[in-house]
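To be precise, the following lines are start.cif, and they hold mmCIF, C-alpha atoms.
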```
data_protein
#
loop_
_atom_site.label_atom_id
_atom_site.label_comp_id
_atom_site.auth_asym_id
_atom_site.auth_seq_id
_atom_site.Cartn_x
_atom_site.Cartn_y
_atom_site.Cartn_z
CA MET A 188 -57.15 89.09 49.39
CA LEU A 189 -54.76 86.21 49.96
CA ILE A 190 -51.33 86.22 48.35
CA TRP A 191 -49.81 82.85 47.54
CA PRO A 192 -46.03 82.33 47.18
CA THR A 193 -44.45 82.84 43.75
CA LYS A 194 -44.69 79.97 41.26
CA ARG A 195 -42.34 79.46 38.34
CA VAL A 196 -43.87 78.89 34.88
CA ASP A 197 -42.68 75.24 34.65
CA GLU A 198 -43.77 74.23 38.16
CA VAL A 199 -46.92 72.34 39.10
CA LEU A 200 -47.65 73.29 42.72
CA ASP A 201 -50.44 72.95 45.25
CA TYR A 202 -51.71 75.87 47.33
CA GLN A 203 -54.14 75.75 50.21
CA ILE A 204 -56.86 77.82 51.85
CA ASP A 205 -58.00 76.99 55.38
CA TRP A 206 -61.67 77.96 55.64
CA THR A 207 -62.04 76.96 59.32
CA ASP A 208 -62.65 80.48 60.64
CA ARG A 209 -65.33 81.21 58.03
CA LEU A 210 -67.27 77.93 58.08
CA ASP A 211 -68.81 78.41 61.54
CA GLY A 212 -68.71 74.65 62.18
CA GLU A 213 -70.18 73.65 58.81
CA GLU A 214 -68.53 71.38 56.28
CA ILE A 215 -67.70 72.01 52.64
CA VAL A 216 -70.05 70.31 50.17
CA ALA A 217 -68.93 72.01 46.94
CA ARG A 218 -65.81 73.83 45.86
CA SER A 219 -64.29 75.51 42.81
CA ALA A 220 -61.31 77.51 41.64
CA THR A 221 -61.26 79.71 38.56
CA ALA A 222 -58.29 81.43 36.95
CA VAL A 223 -59.20 85.07 36.27
CA ALA A 224 -58.06 86.25 32.84
CA ARG A 225 -55.67 89.07 33.68
CA GLY A 226 -51.93 89.26 34.20
CA GLY A 227 -49.75 86.16 34.57
CA ILE A 228 -52.53 83.66 34.81
CA ALA A 229 -51.90 80.03 35.78
CA GLU A 230 -54.02 77.04 34.80
CA ILE A 231 -55.93 74.97 37.32
CA GLU A 232 -54.14 71.59 37.00
CA ARG A 233 -56.39 69.07 38.75
CA GLY A 234 -59.32 71.09 40.02
CA THR A 235 -59.50 71.32 43.79
CA ALA A 236 -59.67 68.91 46.70
CA VAL A 237 -60.96 69.31 50.25
CA THR A 238 -59.71 67.72 53.45
CA GLY A 239 -61.78 68.89 56.41
CA ALA A 240 -61.88 72.69 56.13
CA VAL A 241 -58.78 72.97 53.93
CA GLN A 242 -59.14 73.37 50.17
CA THR A 243 -56.17 72.53 47.94
CA VAL A 244 -55.78 74.07 44.48
CA TRP A 245 -53.20 72.71 42.01
CA LEU A 246 -51.70 75.24 39.57
CA LYS A 247 -49.53 74.78 36.50
CA GLY A 248 -48.09 76.93 33.75
CA GLY A 249 -48.85 80.60 33.47
CA ARG A 250 -47.26 83.67 31.95
CA GLN A 251 -44.76 85.80 33.78
CA GLY A 252 -46.59 88.42 35.85
CA VAL A 253 -49.27 88.62 38.50
CA GLY A 254 -52.30 86.33 38.21
CA PHE A 255 -55.51 85.91 40.17
CA ILE A 256 -57.53 82.86 41.20
CA ASP A 257 -61.12 83.03 42.51
CA VAL A 258 -61.67 80.23 45.04
CA THR A 259 -65.15 79.33 46.32
CA VAL A 260 -66.68 76.84 48.76
CA THR A 261 -70.33 76.10 49.60
CA THR A 262 -71.76 74.69 52.85
CA PRO A 263 -74.81 72.41 53.34
CA SER A 264 -76.92 75.38 54.45
CA GLY A 265 -76.14 77.21 51.18
CA ARG A 266 -73.53 79.66 52.46
CA VAL A 267 -71.04 80.54 49.74
CA HIS A 268 -67.59 81.74 50.78
CA GLU A 269 -65.29 83.26 48.18
CA GLU A 270 -61.67 84.37 48.27
CA ALA A 271 -59.62 86.16 45.62
CA VAL A 272 -56.01 84.98 45.58
CA GLN A 273 -53.06 86.72 43.98
CA ILE A 274 -50.10 84.73 42.68
CA THR A 275 -46.94 85.90 40.95
CA ILE A 276 -45.71 83.76 38.08
CA ALA A 277 -41.93 83.91 37.53
CA ARG A 278 -39.72 82.57 34.75
#
```

The structure in this file should be written as structure tokens.
Amino acid sequence: MLIWPTKRVDEVLDYQIDWTDRLDGEEIVARSATAVARGGIAEIERGTAVTGAVQTVWLKGGRQGVGFIDVTVTTPSGRVHEEAVQITIAR
């Protein structure tokens, strides 16, 4: 599980995942990020974007506590890579 740096409730911040080591030379053709309903959850602000093998997720808001984001990418051959990410939301 990845752990992203702490985000304050009022901040809108971008976080990244570099999938290079897991893609085995393939590209990303689909991506998603979903806030998991437990703890100090943050909202997905603008969906996600991909540049090469790096996926960017924008987060806003949240409640104080620990939240989780499920991040997924798909390759042209149908491989699906998923990562659970933990983020602490502070006041």

Nearest residue to Gly212 (chain A) out of A:Ala240, A:Ile274, A:Leu246, A:Met188, using all atoms listed in the file?
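When distances to Gly212 (chain A) are compared using all atoms listed in the file, the smallest one comes from A:Ala240.
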
Just say which residues the PyMOL selection byres ((chain A and resi 204) around 9) picks in this file, as a list in words.
Leu189, Tyr202, Gln203, Asp205, Trp206, Ala240, Val241, Gln242, Thr243, Val244, Val258 and Glu270 of chain A

Using only C-alpha atoms, which of A:Asp257, A:Glu230, A:Glu214, A:Asp208 sits nearest Ile276 (chain A)?
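Smallest distance to Ile276 (chain A) is found for A:Glu230.
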
Which polymer residues have any atom within 10 Å of an atom of Gly248 (chain A), counting all atoms listed in the file, with same-chain residues fewer than 6 positions away left out, as a list in words?
Lys194, Arg195, Val196, Asp197, Glu198, Val199, Leu200, Gly227, Ile228, Ala229, Glu230, Ile231, Glu232 and Ile276 of chain A

The selected residues should be written to file as a tab-separated table (two decimals), in the frame of the given file (atoms: C-alpha atoms).
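See again.tsv below for the written result:
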```tsv
chain	number	residue	atom	x	y	z
A	194	LYS	CA	-44.69	79.97	41.26
A	195	ARG	CA	-42.34	79.46	38.34
A	196	VAL	CA	-43.87	78.89	34.88
A	197	ASP	CA	-42.68	75.24	34.65
A	198	GLU	CA	-43.77	74.23	38.16
A	199	VAL	CA	-46.92	72.34	39.10
A	200	LEU	CA	-47.65	73.29	42.72
A	227	GLY	CA	-49.75	86.16	34.57
A	228	ILE	CA	-52.53	83.66	34.81
A	229	ALA	CA	-51.90	80.03	35.78
A	230	GLU	CA	-54.02	77.04	34.80
A	231	ILE	CA	-55.93	74.97	37.32
A	232	GLU	CA	-54.14	71.59	37.00
A	276	ILE	CA	-45.71	83.76	38.08
```

Could you list, as an MDAnalysis selection string, every residue matched by the PyMOL selection byres ((chain A and resi 265) around 12) in this structure?
chainID A and resid 210 213:217 260:264 266:268

Among the residues A:Arg233, A:Ala277, A:Gly249, A:Val272, the one that comes closest to Asp201 (chain A) [using only C-alpha atoms]:
A:Arg233

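Between CA of Ala236 (chain A) and CA of Ile256 (chain A) lies a distance of 15.1 Å.
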
When you draw a straight line from CA of Asp211 (chain A) to CA of Thr235 (chain A), how long is it in Å?
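For CA of Asp211 (chain A) relative to CA of Thr235 (chain A), the distance reads 21.3 Å.
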
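From CA of Thr259 (chain A) back to CA of Arg209 (chain A), the distance works out to 11.9 Å.
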
Box for region 197-205 of chain A - axis-aligned, 3 Å on each of the six sides, all listed atoms - centre and size in Å to one decimal, as JSON.
```
{"center_x": -50.3, "center_y": 75.1, "center_z": 45.0, "size_x": 21.3, "size_y": 11.5, "size_z": 26.7}
```
